[in-house]
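Chemist: I'd like to ask you about the structure that follows.
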Amino acid sequence: MSRIGNRKLVIPAGVTVTNENGIVKVTGPKGELTTTLANGIDVKVEGNTLEVTRENDMYKPLHGTTNANIHNMIVGVTEGFKKELEIVGVGYRFSLKGNTIVIGAGYSHPVELQIPNGIKVECPSNTELTITGFDKELVGEFAANVRKVRQPEPYKGKGIRYKDEHIIRKEGKKAA
């Protein structure tokens with residue numbers, strides 16, 4: 001079993017963490033995040049350290065998960081999170097139009113996706129997209145929704161992929 005729930009988290013300068021009635025609120029320079037604690041899990045803030053405790057071993061899986069989630073919240077409000085996507089294919093491209101992303105991915109029509117609040121999207125070139133924000137879950141979910149428009153196919157590698165993703169390629173048919 002993982003012992004990640006037992007680690008003590010250090011709260012950096014400029015970040016405040018409060019626990020009121022089972023709701024943990026983390027505020028920092030980039031924004032504010034909240035989470036609800038499960039029954040049997042408690043958070044104690046002492047000075048600039050934070051400790052997650054559990055009632056008994058029945059809550060052991062939630063203990064580590066809660067610790068990791070609060071750590072991600074602290075990192076998010078101080079540094080933020082970033083996902084980079086690239087699109088591969090002839091005629092495939094990204095473009096920004098106001099608060100929407102327009103994706104040309106080989107369909108008969110361009111696909112438009114609304115950018116949710118709390119996320120900033122940049123398009124350095126027409127084949128690259130950078131999604132940034134302070135909520136790790138929201139950034140990852142939106143990047144996955146963009147990738148879902150045209151997932152990379154294994155024969156030619158065309159589609160939308162993460163910048164560091166490796167696509168396992170298939171050989172295809174051979175001539176007789």
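Residues in the structure tokens are named by chain (A, B, ... in the order shown) and by number from 1 within that chain; ligands are numbered from 1 in the order shown.
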Counting only C-alpha atoms, what is within 7 Å of Thr49 (chain A), bar same-chain residues fewer than 4 positions away, as a PyMOL selection string?
Modeler: chain A and resi 8-11+45
Chemist: Include C-alpha atoms and write out the residues we just selected as a CSV table (one decimal), in the first residue's frame.
Modeler:
chain,number,residue,atom,x,y,z
A,8,LYS,CA,3.3,16.4,5.4
A,9,LEU,CA,2.7,19.1,2.9
A,10,VAL,CA,4.6,22.4,3.1
A,11,ILE,CA,2.4,25.4,2.4
A,45,VAL,CA,-3.0,23.0,9.4
Chemist: Using only C-alpha atoms, determine which residues lie at most 7 Å from region 118-120 of chain A, disregarding the query and same-chain residues fewer than 6 positions distant; provide the list as a ChimeraX atom specification.
Modeler: /A:131-133,139
Chemist: Going by DSSP on the backbone, which bits of chain A are strand (DSSP E or B)? Write them as a count of residues only, please.
Modeler: 68
Chemist: Can you pull out the residues contacting Thr100 (chain A)? Cut-off 8 Å, using only C-alpha atoms, and skip same-chain residues under 4 positions away; I want them as a PyMOL selection string.
Modeler: chain A and resi 96+112-115
Chemist: Any chance you can output those residues with C-alpha atoms as a short mmCIF file (atom, residue, chain, number, x, y, z; two decimals), in the first residue's frame?
Modeler:
data_model
loop_
_atom_site.label_atom_id
_atom_site.label_comp_id
_atom_site.auth_asym_id
_atom_site.auth_seq_id
_atom_site.Cartn_x
_atom_site.Cartn_y
_atom_site.Cartn_z
CA LEU A 96 -8.97 30.70 -31.78
CA GLU A 112 -16.01 24.47 -32.35
CA LEU A 113 -15.36 23.99 -28.61
CA GLN A 114 -16.19 26.58 -25.93
CA ILE A 115 -13.31 27.38 -23.57
#
Chemist: Skipping near chain neighbours, those fewer than 2 positions away, what residues fall within 7 Å of region 161-167 of chain A using only C-alpha atoms, listed as a list in words?
Modeler: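 The neighbour list is Glu84, Leu85, Glu86, Ile87, Arg147, Gln151, Pro152, Pro154, Gly157, Gly159 and Arg169 of chain A.
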Chemist: Please save C-alpha atoms of the selected residues as a PDB file, in the first residue's frame.
Modeler:
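Contents of the output file result_26.pdb:
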ATOM      1  CA  GLU A  84       0.270  20.988 -24.838  1.00  0.00           C
ATOM      2  CA  LEU A  85      -1.476  19.453 -27.842  1.00  0.00           C
ATOM      3  CA  GLU A  86      -0.423  19.126 -31.460  1.00  0.00           C
ATOM      4  CA  ILE A  87      -2.419  18.195 -34.524  1.00  0.00           C
ATOM      5  CA  ARG A 147      -8.091  15.314 -28.184  1.00  0.00           C
ATOM      6  CA  GLN A 151      -7.886  10.810 -31.789  1.00  0.00           C
ATOM      7  CA  PRO A 152      -4.594   9.742 -33.386  1.00  0.00           C
ATOM      8  CA  PRO A 154      -2.259   3.989 -35.595  1.00  0.00           C
ATOM      9  CA  GLY A 157      -0.437   8.889 -36.949  1.00  0.00           C
ATOM     10  CA  GLY A 159      -5.011  13.264 -35.357  1.00  0.00           C
ATOM     11  CA  ARG A 169       2.191   2.527 -35.196  1.00  0.00           C
TER      12      ARG A 169
END
Chemist: Find the residues near Gly5 (chain A): any atom within 7 Å, counting only C-alpha atoms, skip ones fewer than 3 places away on the same chain, and give them as a PDB file with C-alpha atoms, in the first residue's frame.
Modeler:
ATOM      1  CA  VAL A  52      -4.014  14.700   6.478  1.00  0.00           C
ATOM      2  CA  HIS A  63      -6.204   9.138   2.885  1.00  0.00           C
ATOM      3  CA  GLY A  64      -3.631   9.089   0.078  1.00  0.00           C
ATOM      4  CA  ASN A  67      -3.355  14.174   0.345  1.00  0.00           C
TER       5      ASN A  67
END
Chemist: Which residues, written as a VMD selection string, have at least one atom at most 12 Å from region 15-24 of chain A, with only C-alpha atoms counted and residues fewer than 4 positions away on the same chain left out?
Modeler: chain A and resid 9 to 11 28 to 52 66 to 67 69 to 71 73 to 79
Chemist: Quick one: DSSP alpha helix (DSSP H) residues in region 10-164 of chain A, as a PyMOL selection string?
Modeler: chain A and resi 60-78+136-147
Chemist: In Å to one decimal, how far is CA of Gly106 (chain A) from CA of Ile160 (chain A)?
Modeler: 11.3 Å
Chemist: May I ask for the distance between CA of Phe142 (chain A) and CA of Lys158 (chain A), given in Å to one decimal place?
Modeler: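 Pair CA of Phe142 (chain A) / CA of Lys158 (chain A) returns 20.2 Å.
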Chemist: Which residue out of A:Pro110, A:Pro116, A:Pro61, A:Gly80 has the minimum interatomic distance to Tyr92 (chain A) when only C-alpha atoms are used?
Modeler: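 Using only C-alpha atoms, the shortest distance to Tyr92 (chain A) belongs to A:Pro110.
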Chemist: Go through A:Lys25, A:Lys60, A:Arg7, A:Lys82 and flag the residue nearest Gly140 (chain A), using only C-alpha atoms for the distances.
Modeler: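 Once distances to Gly140 (chain A) are computed over only C-alpha atoms, the minimum belongs to A:Lys82.
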Chemist: Considering only C-alpha atoms, can you say which of A:Lys170, A:Glu137, A:Thr27, A:Thr65 comes closest to Ala13 (chain A)?
Modeler: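 Answer, going by the shortest atom-to-atom distance: A:Thr27.
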Chemist: Could you jot down the CA of Ala105 (chain A) to CA of Asn145 (chain A) separation for me, Å, one decimal place?
Modeler: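 The value is 13.8 Å.
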Chemist: Taking only C-alpha atoms into account, name the residue in A:Asn56, A:Asn117, A:Asn6, A:Asn126 that is nearest to Gly89 (chain A).
Modeler: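 So, comparing all the options, the nearest one is A:Asn126.
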